[in-house]
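Have a look at query.cif; it's mmCIF, N, CA and C atoms:
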data_work
loop_
_atom_site.label_atom_id
_atom_site.label_comp_id
_atom_site.auth_asym_id
_atom_site.auth_seq_id
_atom_site.Cartn_x
_atom_site.Cartn_y
_atom_site.Cartn_z
N MET A 7 0.81 -1.20 0.00
CA MET A 7 0.00 0.00 0.00
C MET A 7 0.86 1.26 0.00
N ASP A 8 1.99 1.17 0.69
CA ASP A 8 2.89 2.33 0.72
C ASP A 8 3.36 2.72 -0.67
N GLU A 9 3.66 1.72 -1.48
CA GLU A 9 4.14 2.00 -2.84
C GLU A 9 3.06 2.67 -3.68
N VAL A 10 1.81 2.30 -3.48
CA VAL A 10 0.70 2.91 -4.21
C VAL A 10 0.59 4.39 -3.85
N ILE A 11 0.73 4.70 -2.57
CA ILE A 11 0.62 6.10 -2.13
C ILE A 11 1.80 6.91 -2.64
N ARG A 12 2.99 6.33 -2.60
CA ARG A 12 4.17 7.05 -3.13
C ARG A 12 4.02 7.32 -4.63
N THR A 13 3.54 6.33 -5.36
CA THR A 13 3.32 6.51 -6.79
C THR A 13 2.24 7.55 -7.05
N ALA A 14 1.19 7.53 -6.25
CA ALA A 14 0.12 8.52 -6.39
C ALA A 14 0.64 9.93 -6.13
N ALA A 15 1.52 10.08 -5.15
CA ALA A 15 2.09 11.40 -4.85
C ALA A 15 2.92 11.92 -6.02
N VAL A 16 3.70 11.04 -6.62
CA VAL A 16 4.50 11.45 -7.79
C VAL A 16 3.58 11.83 -8.95
N LEU A 17 2.54 11.05 -9.17
CA LEU A 17 1.59 11.36 -10.24
C LEU A 17 0.88 12.69 -10.00
N VAL A 18 0.57 12.99 -8.76
CA VAL A 18 -0.08 14.26 -8.44
C VAL A 18 0.86 15.43 -8.76
N VAL A 19 2.15 15.27 -8.47
CA VAL A 19 3.12 16.32 -8.80
C VAL A 19 3.20 16.52 -10.31
N VAL A 20 3.27 15.43 -11.06
CA VAL A 20 3.33 15.52 -12.52
C VAL A 20 2.06 16.17 -13.07
N MET A 21 0.90 15.76 -12.55
CA MET A 21 -0.36 16.37 -13.00
C MET A 21 -0.40 17.86 -12.64
N GLY A 22 0.20 18.21 -11.51
CA GLY A 22 0.26 19.62 -11.12
C GLY A 22 1.09 20.44 -12.08
N LEU A 23 2.21 19.88 -12.52
CA LEU A 23 3.04 20.58 -13.50
C LEU A 23 2.29 20.79 -14.81
N VAL A 24 1.59 19.75 -15.25
CA VAL A 24 0.82 19.84 -16.49
C VAL A 24 -0.32 20.85 -16.34
N ALA A 25 -1.02 20.79 -15.22
CA ALA A 25 -2.13 21.71 -14.99
C ALA A 25 -1.65 23.16 -14.88
N ALA A 26 -0.50 23.36 -14.24
CA ALA A 26 0.05 24.72 -14.13
C ALA A 26 0.45 25.26 -15.49
N LEU A 27 1.04 24.42 -16.32
CA LEU A 27 1.40 24.83 -17.67
C LEU A 27 0.15 25.17 -18.48
N ALA A 28 -0.88 24.35 -18.33
CA ALA A 28 -2.14 24.61 -19.03
C ALA A 28 -2.76 25.92 -18.56
N ALA A 29 -2.72 26.17 -17.26
CA ALA A 29 -3.27 27.42 -16.72
C ALA A 29 -2.49 28.63 -17.24
N LEU A 30 -1.18 28.48 -17.34
CA LEU A 30 -0.35 29.57 -17.85
C LEU A 30 -0.65 29.84 -19.33
N LEU A 31 -0.78 28.77 -20.11
CA LEU A 31 -1.03 28.93 -21.54
C LEU A 31 -2.45 29.43 -21.83
N ARG A 32 -3.39 29.15 -20.93
CA ARG A 32 -4.77 29.60 -21.13
C ARG A 32 -4.98 31.04 -20.69
N GLY A 33 -3.92 31.69 -20.24
CA GLY A 33 -4.02 33.10 -19.90
C GLY A 33 -4.22 33.37 -18.42
N GLY A 34 -3.97 32.39 -17.58
CA GLY A 34 -4.13 32.59 -16.14
C GLY A 34 -3.02 33.42 -15.53
N GLY A 35 -1.95 33.62 -16.26
CA GLY A 35 -0.82 34.38 -15.74
C GLY A 35 0.02 33.54 -14.80
N PRO A 36 1.19 34.07 -14.44
CA PRO A 36 2.08 33.30 -13.57
C PRO A 36 1.49 33.07 -12.18
N GLY A 37 0.71 34.01 -11.69
CA GLY A 37 0.10 33.85 -10.37
C GLY A 37 -0.89 32.71 -10.33
N GLY A 38 -1.73 32.64 -11.34
CA GLY A 38 -2.71 31.57 -11.41
C GLY A 38 -2.06 30.22 -11.59
N ALA A 39 -1.03 30.16 -12.45
CA ALA A 39 -0.32 28.91 -12.68
C ALA A 39 0.39 28.45 -11.41
N MET A 40 0.99 29.40 -10.69
CA MET A 40 1.68 29.05 -9.45
C MET A 40 0.70 28.55 -8.39
N ALA A 41 -0.47 29.16 -8.32
CA ALA A 41 -1.49 28.73 -7.36
C ALA A 41 -1.94 27.30 -7.66
N VAL A 42 -2.13 27.00 -8.94
CA VAL A 42 -2.52 25.64 -9.33
C VAL A 42 -1.43 24.64 -8.97
N LEU A 43 -0.19 24.97 -9.30
CA LEU A 43 0.92 24.08 -9.00
C LEU A 43 1.05 23.85 -7.50
N LEU A 44 0.96 24.90 -6.72
CA LEU A 44 1.11 24.76 -5.28
C LEU A 44 -0.04 23.96 -4.66
N ASP A 45 -1.23 24.07 -5.22
CA ASP A 45 -2.34 23.24 -4.73
C ASP A 45 -2.04 21.76 -4.93
N PHE A 46 -1.50 21.42 -6.09
CA PHE A 46 -1.14 20.03 -6.35
C PHE A 46 0.01 19.58 -5.46
N LEU A 47 0.97 20.47 -5.20
CA LEU A 47 2.08 20.11 -4.32
C LEU A 47 1.59 19.88 -2.89
N VAL A 48 0.63 20.67 -2.45
CA VAL A 48 0.04 20.44 -1.13
C VAL A 48 -0.64 19.07 -1.09
N ALA A 49 -1.37 18.74 -2.15
CA ALA A 49 -2.03 17.43 -2.20
C ALA A 49 -1.00 16.30 -2.14
N ALA A 50 0.09 16.43 -2.88
CA ALA A 50 1.13 15.40 -2.84
C ALA A 50 1.77 15.33 -1.46
N GLY A 51 1.98 16.46 -0.84
CA GLY A 51 2.54 16.48 0.52
C GLY A 51 1.63 15.80 1.52
N LEU A 52 0.33 16.00 1.38
CA LEU A 52 -0.61 15.34 2.28
C LEU A 52 -0.65 13.83 2.06
N LEU A 53 -0.49 13.42 0.80
CA LEU A 53 -0.40 11.97 0.54
C LEU A 53 0.84 11.38 1.22
N ARG A 54 1.95 12.08 1.09
CA ARG A 54 3.17 11.59 1.74
C ARG A 54 3.04 11.62 3.26
N LEU A 55 2.34 12.60 3.77
CA LEU A 55 2.14 12.71 5.21
C LEU A 55 1.36 11.51 5.75
N SER A 56 0.48 10.96 4.94
CA SER A 56 -0.28 9.79 5.39
C SER A 56 0.63 8.59 5.63
N LEU A 57 1.80 8.58 5.02
CA LEU A 57 2.75 7.49 5.24
C LEU A 57 3.69 7.76 6.40
N ALA A 58 4.20 8.99 6.49
CA ALA A 58 5.27 9.30 7.43
C ALA A 58 4.77 9.39 8.87
N GLN A 59 3.79 10.21 9.11
CA GLN A 59 3.23 10.42 10.44
C GLN A 59 4.29 10.76 11.48
N THR A 60 5.22 11.64 11.11
CA THR A 60 6.21 12.14 12.05
C THR A 60 6.04 13.64 12.15
N TRP A 61 6.61 14.21 13.20
CA TRP A 61 6.50 15.66 13.36
C TRP A 61 7.22 16.40 12.24
N THR A 62 8.29 15.84 11.74
CA THR A 62 9.00 16.47 10.63
C THR A 62 8.12 16.51 9.39
N ALA A 63 7.45 15.42 9.10
CA ALA A 63 6.55 15.37 7.94
C ALA A 63 5.39 16.34 8.11
N ILE A 64 4.88 16.44 9.32
CA ILE A 64 3.79 17.39 9.57
C ILE A 64 4.29 18.82 9.38
N ALA A 65 5.50 19.10 9.85
CA ALA A 65 6.08 20.44 9.69
C ALA A 65 6.31 20.77 8.21
N VAL A 66 6.77 19.81 7.43
CA VAL A 66 6.99 20.04 5.99
C VAL A 66 5.66 20.32 5.29
N ALA A 67 4.63 19.57 5.63
CA ALA A 67 3.31 19.80 5.03
C ALA A 67 2.78 21.18 5.41
N ALA A 68 2.93 21.55 6.67
CA ALA A 68 2.47 22.87 7.11
C ALA A 68 3.26 23.98 6.43
N LEU A 69 4.57 23.79 6.30
CA LEU A 69 5.40 24.79 5.63
C LEU A 69 5.01 24.94 4.16
N THR A 70 4.69 23.84 3.50
CA THR A 70 4.25 23.91 2.11
C THR A 70 2.97 24.72 1.98
N ILE A 71 2.06 24.55 2.91
CA ILE A 71 0.80 25.29 2.88
C ILE A 71 1.05 26.77 3.14
N VAL A 72 1.94 27.08 4.08
CA VAL A 72 2.27 28.49 4.36
C VAL A 72 2.91 29.13 3.14
N ILE A 73 3.84 28.44 2.51
CA ILE A 73 4.50 28.98 1.31
C ILE A 73 3.47 29.23 0.22
N ARG A 74 2.53 28.31 0.05
CA ARG A 74 1.49 28.49 -0.96
C ARG A 74 0.68 29.74 -0.68
N LYS A 75 0.30 29.94 0.57
CA LYS A 75 -0.51 31.12 0.92
C LYS A 75 0.28 32.41 0.69
N VAL A 76 1.54 32.43 1.07
CA VAL A 76 2.37 33.64 0.92
C VAL A 76 2.59 33.95 -0.56
N VAL A 77 2.89 32.95 -1.36
CA VAL A 77 3.16 33.17 -2.78
C VAL A 77 1.90 33.69 -3.49
N VAL A 78 0.78 33.05 -3.23
CA VAL A 78 -0.47 33.47 -3.88
C VAL A 78 -0.85 34.89 -3.43
N ALA A 79 -0.67 35.19 -2.16
CA ALA A 79 -0.96 36.55 -1.67
C ALA A 79 -0.01 37.56 -2.31
N GLY A 80 1.25 37.18 -2.49
CA GLY A 80 2.20 38.07 -3.14
C GLY A 80 1.83 38.37 -4.58
N PHE A 81 1.39 37.35 -5.30
CA PHE A 81 0.96 37.57 -6.68
C PHE A 81 -0.30 38.42 -6.72
N ALA A 82 -1.19 38.24 -5.76
CA ALA A 82 -2.42 39.03 -5.72
C ALA A 82 -2.09 40.51 -5.46
N LEU A 83 -1.14 40.77 -4.58
CA LEU A 83 -0.76 42.16 -4.28
C LEU A 83 -0.03 42.81 -5.45
N SER A 84 0.81 42.04 -6.14
CA SER A 84 1.55 42.62 -7.25
C SER A 84 0.64 42.86 -8.45
N GLY A 85 -0.48 42.16 -8.52
CA GLY A 85 -1.41 42.32 -9.62
C GLY A 85 -2.29 43.56 -9.50
N ARG A 86 -2.30 44.17 -8.34
CA ARG A 86 -3.15 45.36 -8.13
C ARG A 86 -2.58 46.59 -8.73
#
Spell out the structure here as structure tokens.
Amino acid sequence: MDEVIRTAAVLVVVMGLVAALAALLRGGGPGGAMAVLLDFLVAAGLLRLSLAQTWTAIAVAALTIVIRKVVVAGFALSGR
């Protein structure tokens, strides 16, 4: 089961890259593409967290979410 979750996490990252590229090409701009990519990275991090269950893994997942919020907020402010 662990191997299935690890494979799913890698697939989510790859799908995130593809979705971010699609968002960028469809006119979403770099902010929109980055938000899409970071959402997928958060999803992959949560999948990995289901395996690790350590404080370090929890901290990495939380840090990924904080970085996503800061980056998206930064793009929103620069777009004004």
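Take the PyMOL selection byres (((chain A and resi 34-36 and name CA) around 12) and name CA) and apply it to this file: it picks Ala25, Ala26, Leu27, Ala28, Ala29, Leu30, Leu31, Arg32, Gly33, Gly37, Gly38, Ala39, Met40, Ala41, Val42, Leu43, Leu44, Val77, Val78, Gly80, Phe81, Ala82, Ser84 and Gly85 of chain A.
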Could you turn the residues from that selection into a file that holds N, CA and C atoms, as a CSV table (one decimal), in the frame of the given file?
chain,number,residue,atom,x,y,z
A,25,ALA,N,-1.0,20.8,-15.2
A,25,ALA,CA,-2.1,21.7,-15.0
A,25,ALA,C,-1.6,23.2,-14.9
A,26,ALA,N,-0.5,23.4,-14.2
A,26,ALA,CA,0.0,24.7,-14.1
A,26,ALA,C,0.4,25.3,-15.5
A,27,LEU,N,1.0,24.4,-16.3
A,27,LEU,CA,1.4,24.8,-17.7
A,27,LEU,C,0.2,25.2,-18.5
A,28,ALA,N,-0.9,24.4,-18.3
A,28,ALA,CA,-2.1,24.6,-19.0
A,28,ALA,C,-2.8,25.9,-18.6
A,29,ALA,N,-2.7,26.2,-17.3
A,29,ALA,CA,-3.3,27.4,-16.7
A,29,ALA,C,-2.5,28.6,-17.2
A,30,LEU,N,-1.2,28.5,-17.3
A,30,LEU,CA,-0.4,29.6,-17.8
A,30,LEU,C,-0.6,29.8,-19.3
A,31,LEU,N,-0.8,28.8,-20.1
A,31,LEU,CA,-1.0,28.9,-21.5
A,31,LEU,C,-2.4,29.4,-21.8
A,32,ARG,N,-3.4,29.2,-20.9
A,32,ARG,CA,-4.8,29.6,-21.1
A,32,ARG,C,-5.0,31.0,-20.7
A,33,GLY,N,-3.9,31.7,-20.2
A,33,GLY,CA,-4.0,33.1,-19.9
A,33,GLY,C,-4.2,33.4,-18.4
A,37,GLY,N,0.7,34.0,-11.7
A,37,GLY,CA,0.1,33.8,-10.4
A,37,GLY,C,-0.9,32.7,-10.3
A,38,GLY,N,-1.7,32.6,-11.3
A,38,GLY,CA,-2.7,31.6,-11.4
A,38,GLY,C,-2.1,30.2,-11.6
A,39,ALA,N,-1.0,30.2,-12.4
A,39,ALA,CA,-0.3,28.9,-12.7
A,39,ALA,C,0.4,28.4,-11.4
A,40,MET,N,1.0,29.4,-10.7
A,40,MET,CA,1.7,29.0,-9.4
A,40,MET,C,0.7,28.6,-8.4
A,41,ALA,N,-0.5,29.2,-8.3
A,41,ALA,CA,-1.5,28.7,-7.4
A,41,ALA,C,-1.9,27.3,-7.7
A,42,VAL,N,-2.1,27.0,-8.9
A,42,VAL,CA,-2.5,25.6,-9.3
A,42,VAL,C,-1.4,24.6,-9.0
A,43,LEU,N,-0.2,25.0,-9.3
A,43,LEU,CA,0.9,24.1,-9.0
A,43,LEU,C,1.0,23.8,-7.5
A,44,LEU,N,1.0,24.9,-6.7
A,44,LEU,CA,1.1,24.8,-5.3
A,44,LEU,C,0.0,24.0,-4.7
A,77,VAL,N,2.9,33.0,-1.4
A,77,VAL,CA,3.2,33.2,-2.8
A,77,VAL,C,1.9,33.7,-3.5
A,78,VAL,N,0.8,33.0,-3.2
A,78,VAL,CA,-0.5,33.5,-3.9
A,78,VAL,C,-0.8,34.9,-3.4
A,80,GLY,N,1.2,37.2,-2.5
A,80,GLY,CA,2.2,38.1,-3.1
A,80,GLY,C,1.8,38.4,-4.6
A,81,PHE,N,1.4,37.4,-5.3
A,81,PHE,CA,1.0,37.6,-6.7
A,81,PHE,C,-0.3,38.4,-6.7
A,82,ALA,N,-1.2,38.2,-5.8
A,82,ALA,CA,-2.4,39.0,-5.7
A,82,ALA,C,-2.1,40.5,-5.5
A,84,SER,N,0.8,42.0,-6.1
A,84,SER,CA,1.6,42.6,-7.2
A,84,SER,C,0.6,42.9,-8.4
A,85,GLY,N,-0.5,42.2,-8.5
A,85,GLY,CA,-1.4,42.3,-9.6
A,85,GLY,C,-2.3,43.6,-9.5
Evaluate the PyMOL selection byres ((chain A and resi 54) around 8) on the structure here and hand back the selected residues as a PDB file with N, CA and C atoms, in the coordinates of the input.
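Once written, part.pdb looks like this:
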ATOM      1  N   ILE A  11       0.730   4.700  -2.570  1.00  0.00           N
ATOM      2  CA  ILE A  11       0.620   6.100  -2.130  1.00  0.00           C
ATOM      3  C   ILE A  11       1.800   6.910  -2.640  1.00  0.00           C
ATOM      4  N   ARG A  12       2.990   6.330  -2.600  1.00  0.00           N
ATOM      5  CA  ARG A  12       4.170   7.050  -3.130  1.00  0.00           C
ATOM      6  C   ARG A  12       4.020   7.320  -4.630  1.00  0.00           C
ATOM      7  N   ALA A  14       1.190   7.530  -6.250  1.00  0.00           N
ATOM      8  CA  ALA A  14       0.120   8.520  -6.390  1.00  0.00           C
ATOM      9  C   ALA A  14       0.640   9.930  -6.130  1.00  0.00           C
ATOM     10  N   ALA A  15       1.520  10.080  -5.150  1.00  0.00           N
ATOM     11  CA  ALA A  15       2.090  11.400  -4.850  1.00  0.00           C
ATOM     12  C   ALA A  15       2.920  11.920  -6.020  1.00  0.00           C
ATOM     13  N   VAL A  16       3.700  11.040  -6.620  1.00  0.00           N
ATOM     14  CA  VAL A  16       4.500  11.450  -7.790  1.00  0.00           C
ATOM     15  C   VAL A  16       3.580  11.830  -8.950  1.00  0.00           C
ATOM     16  N   VAL A  48       0.630  20.670  -2.450  1.00  0.00           N
ATOM     17  CA  VAL A  48       0.040  20.440  -1.130  1.00  0.00           C
ATOM     18  C   VAL A  48      -0.640  19.070  -1.090  1.00  0.00           C
ATOM     19  N   ALA A  49      -1.370  18.740  -2.150  1.00  0.00           N
ATOM     20  CA  ALA A  49      -2.030  17.430  -2.200  1.00  0.00           C
ATOM     21  C   ALA A  49      -1.000  16.300  -2.140  1.00  0.00           C
ATOM     22  N   ALA A  50       0.090  16.430  -2.880  1.00  0.00           N
ATOM     23  CA  ALA A  50       1.130  15.400  -2.840  1.00  0.00           C
ATOM     24  C   ALA A  50       1.770  15.330  -1.460  1.00  0.00           C
ATOM     25  N   GLY A  51       1.980  16.460  -0.840  1.00  0.00           N
ATOM     26  CA  GLY A  51       2.540  16.480   0.520  1.00  0.00           C
ATOM     27  C   GLY A  51       1.630  15.800   1.520  1.00  0.00           C
ATOM     28  N   LEU A  52       0.330  16.000   1.380  1.00  0.00           N
ATOM     29  CA  LEU A  52      -0.610  15.340   2.280  1.00  0.00           C
ATOM     30  C   LEU A  52      -0.650  13.830   2.060  1.00  0.00           C
ATOM     31  N   LEU A  53      -0.490  13.420   0.800  1.00  0.00           N
ATOM     32  CA  LEU A  53      -0.400  11.970   0.540  1.00  0.00           C
ATOM     33  C   LEU A  53       0.840  11.380   1.220  1.00  0.00           C
ATOM     34  N   LEU A  55       2.340  12.600   3.770  1.00  0.00           N
ATOM     35  CA  LEU A  55       2.140  12.710   5.210  1.00  0.00           C
ATOM     36  C   LEU A  55       1.360  11.510   5.750  1.00  0.00           C
ATOM     37  N   SER A  56       0.480  10.960   4.940  1.00  0.00           N
ATOM     38  CA  SER A  56      -0.280   9.790   5.390  1.00  0.00           C
ATOM     39  C   SER A  56       0.630   8.590   5.630  1.00  0.00           C
ATOM     40  N   LEU A  57       1.800   8.580   5.020  1.00  0.00           N
ATOM     41  CA  LEU A  57       2.750   7.490   5.240  1.00  0.00           C
ATOM     42  C   LEU A  57       3.690   7.760   6.400  1.00  0.00           C
ATOM     43  N   ALA A  58       4.200   8.990   6.490  1.00  0.00           N
ATOM     44  CA  ALA A  58       5.270   9.300   7.430  1.00  0.00           C
ATOM     45  C   ALA A  58       4.770   9.390   8.870  1.00  0.00           C
ATOM     46  N   GLN A  59       3.790  10.210   9.110  1.00  0.00           N
ATOM     47  CA  GLN A  59       3.230  10.420  10.440  1.00  0.00           C
ATOM     48  C   GLN A  59       4.290  10.760  11.480  1.00  0.00           C
ATOM     49  N   ALA A  63       7.450  15.420   9.100  1.00  0.00           N
ATOM     50  CA  ALA A  63       6.550  15.370   7.940  1.00  0.00           C
ATOM     51  C   ALA A  63       5.390  16.340   8.110  1.00  0.00           C
ATOM     52  N   ILE A  64       4.880  16.440   9.320  1.00  0.00           N
ATOM     53  CA  ILE A  64       3.790  17.390   9.570  1.00  0.00           C
ATOM     54  C   ILE A  64       4.290  18.820   9.380  1.00  0.00           C
TER      55      ILE A  64
END
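Among A:Val24, A:Glu9, A:Asp45, A:Leu83, the residue with the shortest atom-to-atom distance to A:Ala67, counting only C-alpha atoms, is A:Asp45.
Atom to atom, atom N of A:Phe46 and atom N of A:Ile71 stand 10.2 Å apart.
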- Quote the spacing between atom C of A:Ala65 and atom CA of A:Val19 in Å to one decimal place.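 Between atom C of A:Ala65 and atom CA of A:Val19 the gap works out to 17.9 Å.
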- In Å, rounded to a single decimal, give me how far atom CA of A:Leu47 is from atom N of A:Val20.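 We find that atom N of A:Val20 and atom CA of A:Leu47 lie 8.3 Å from each other.
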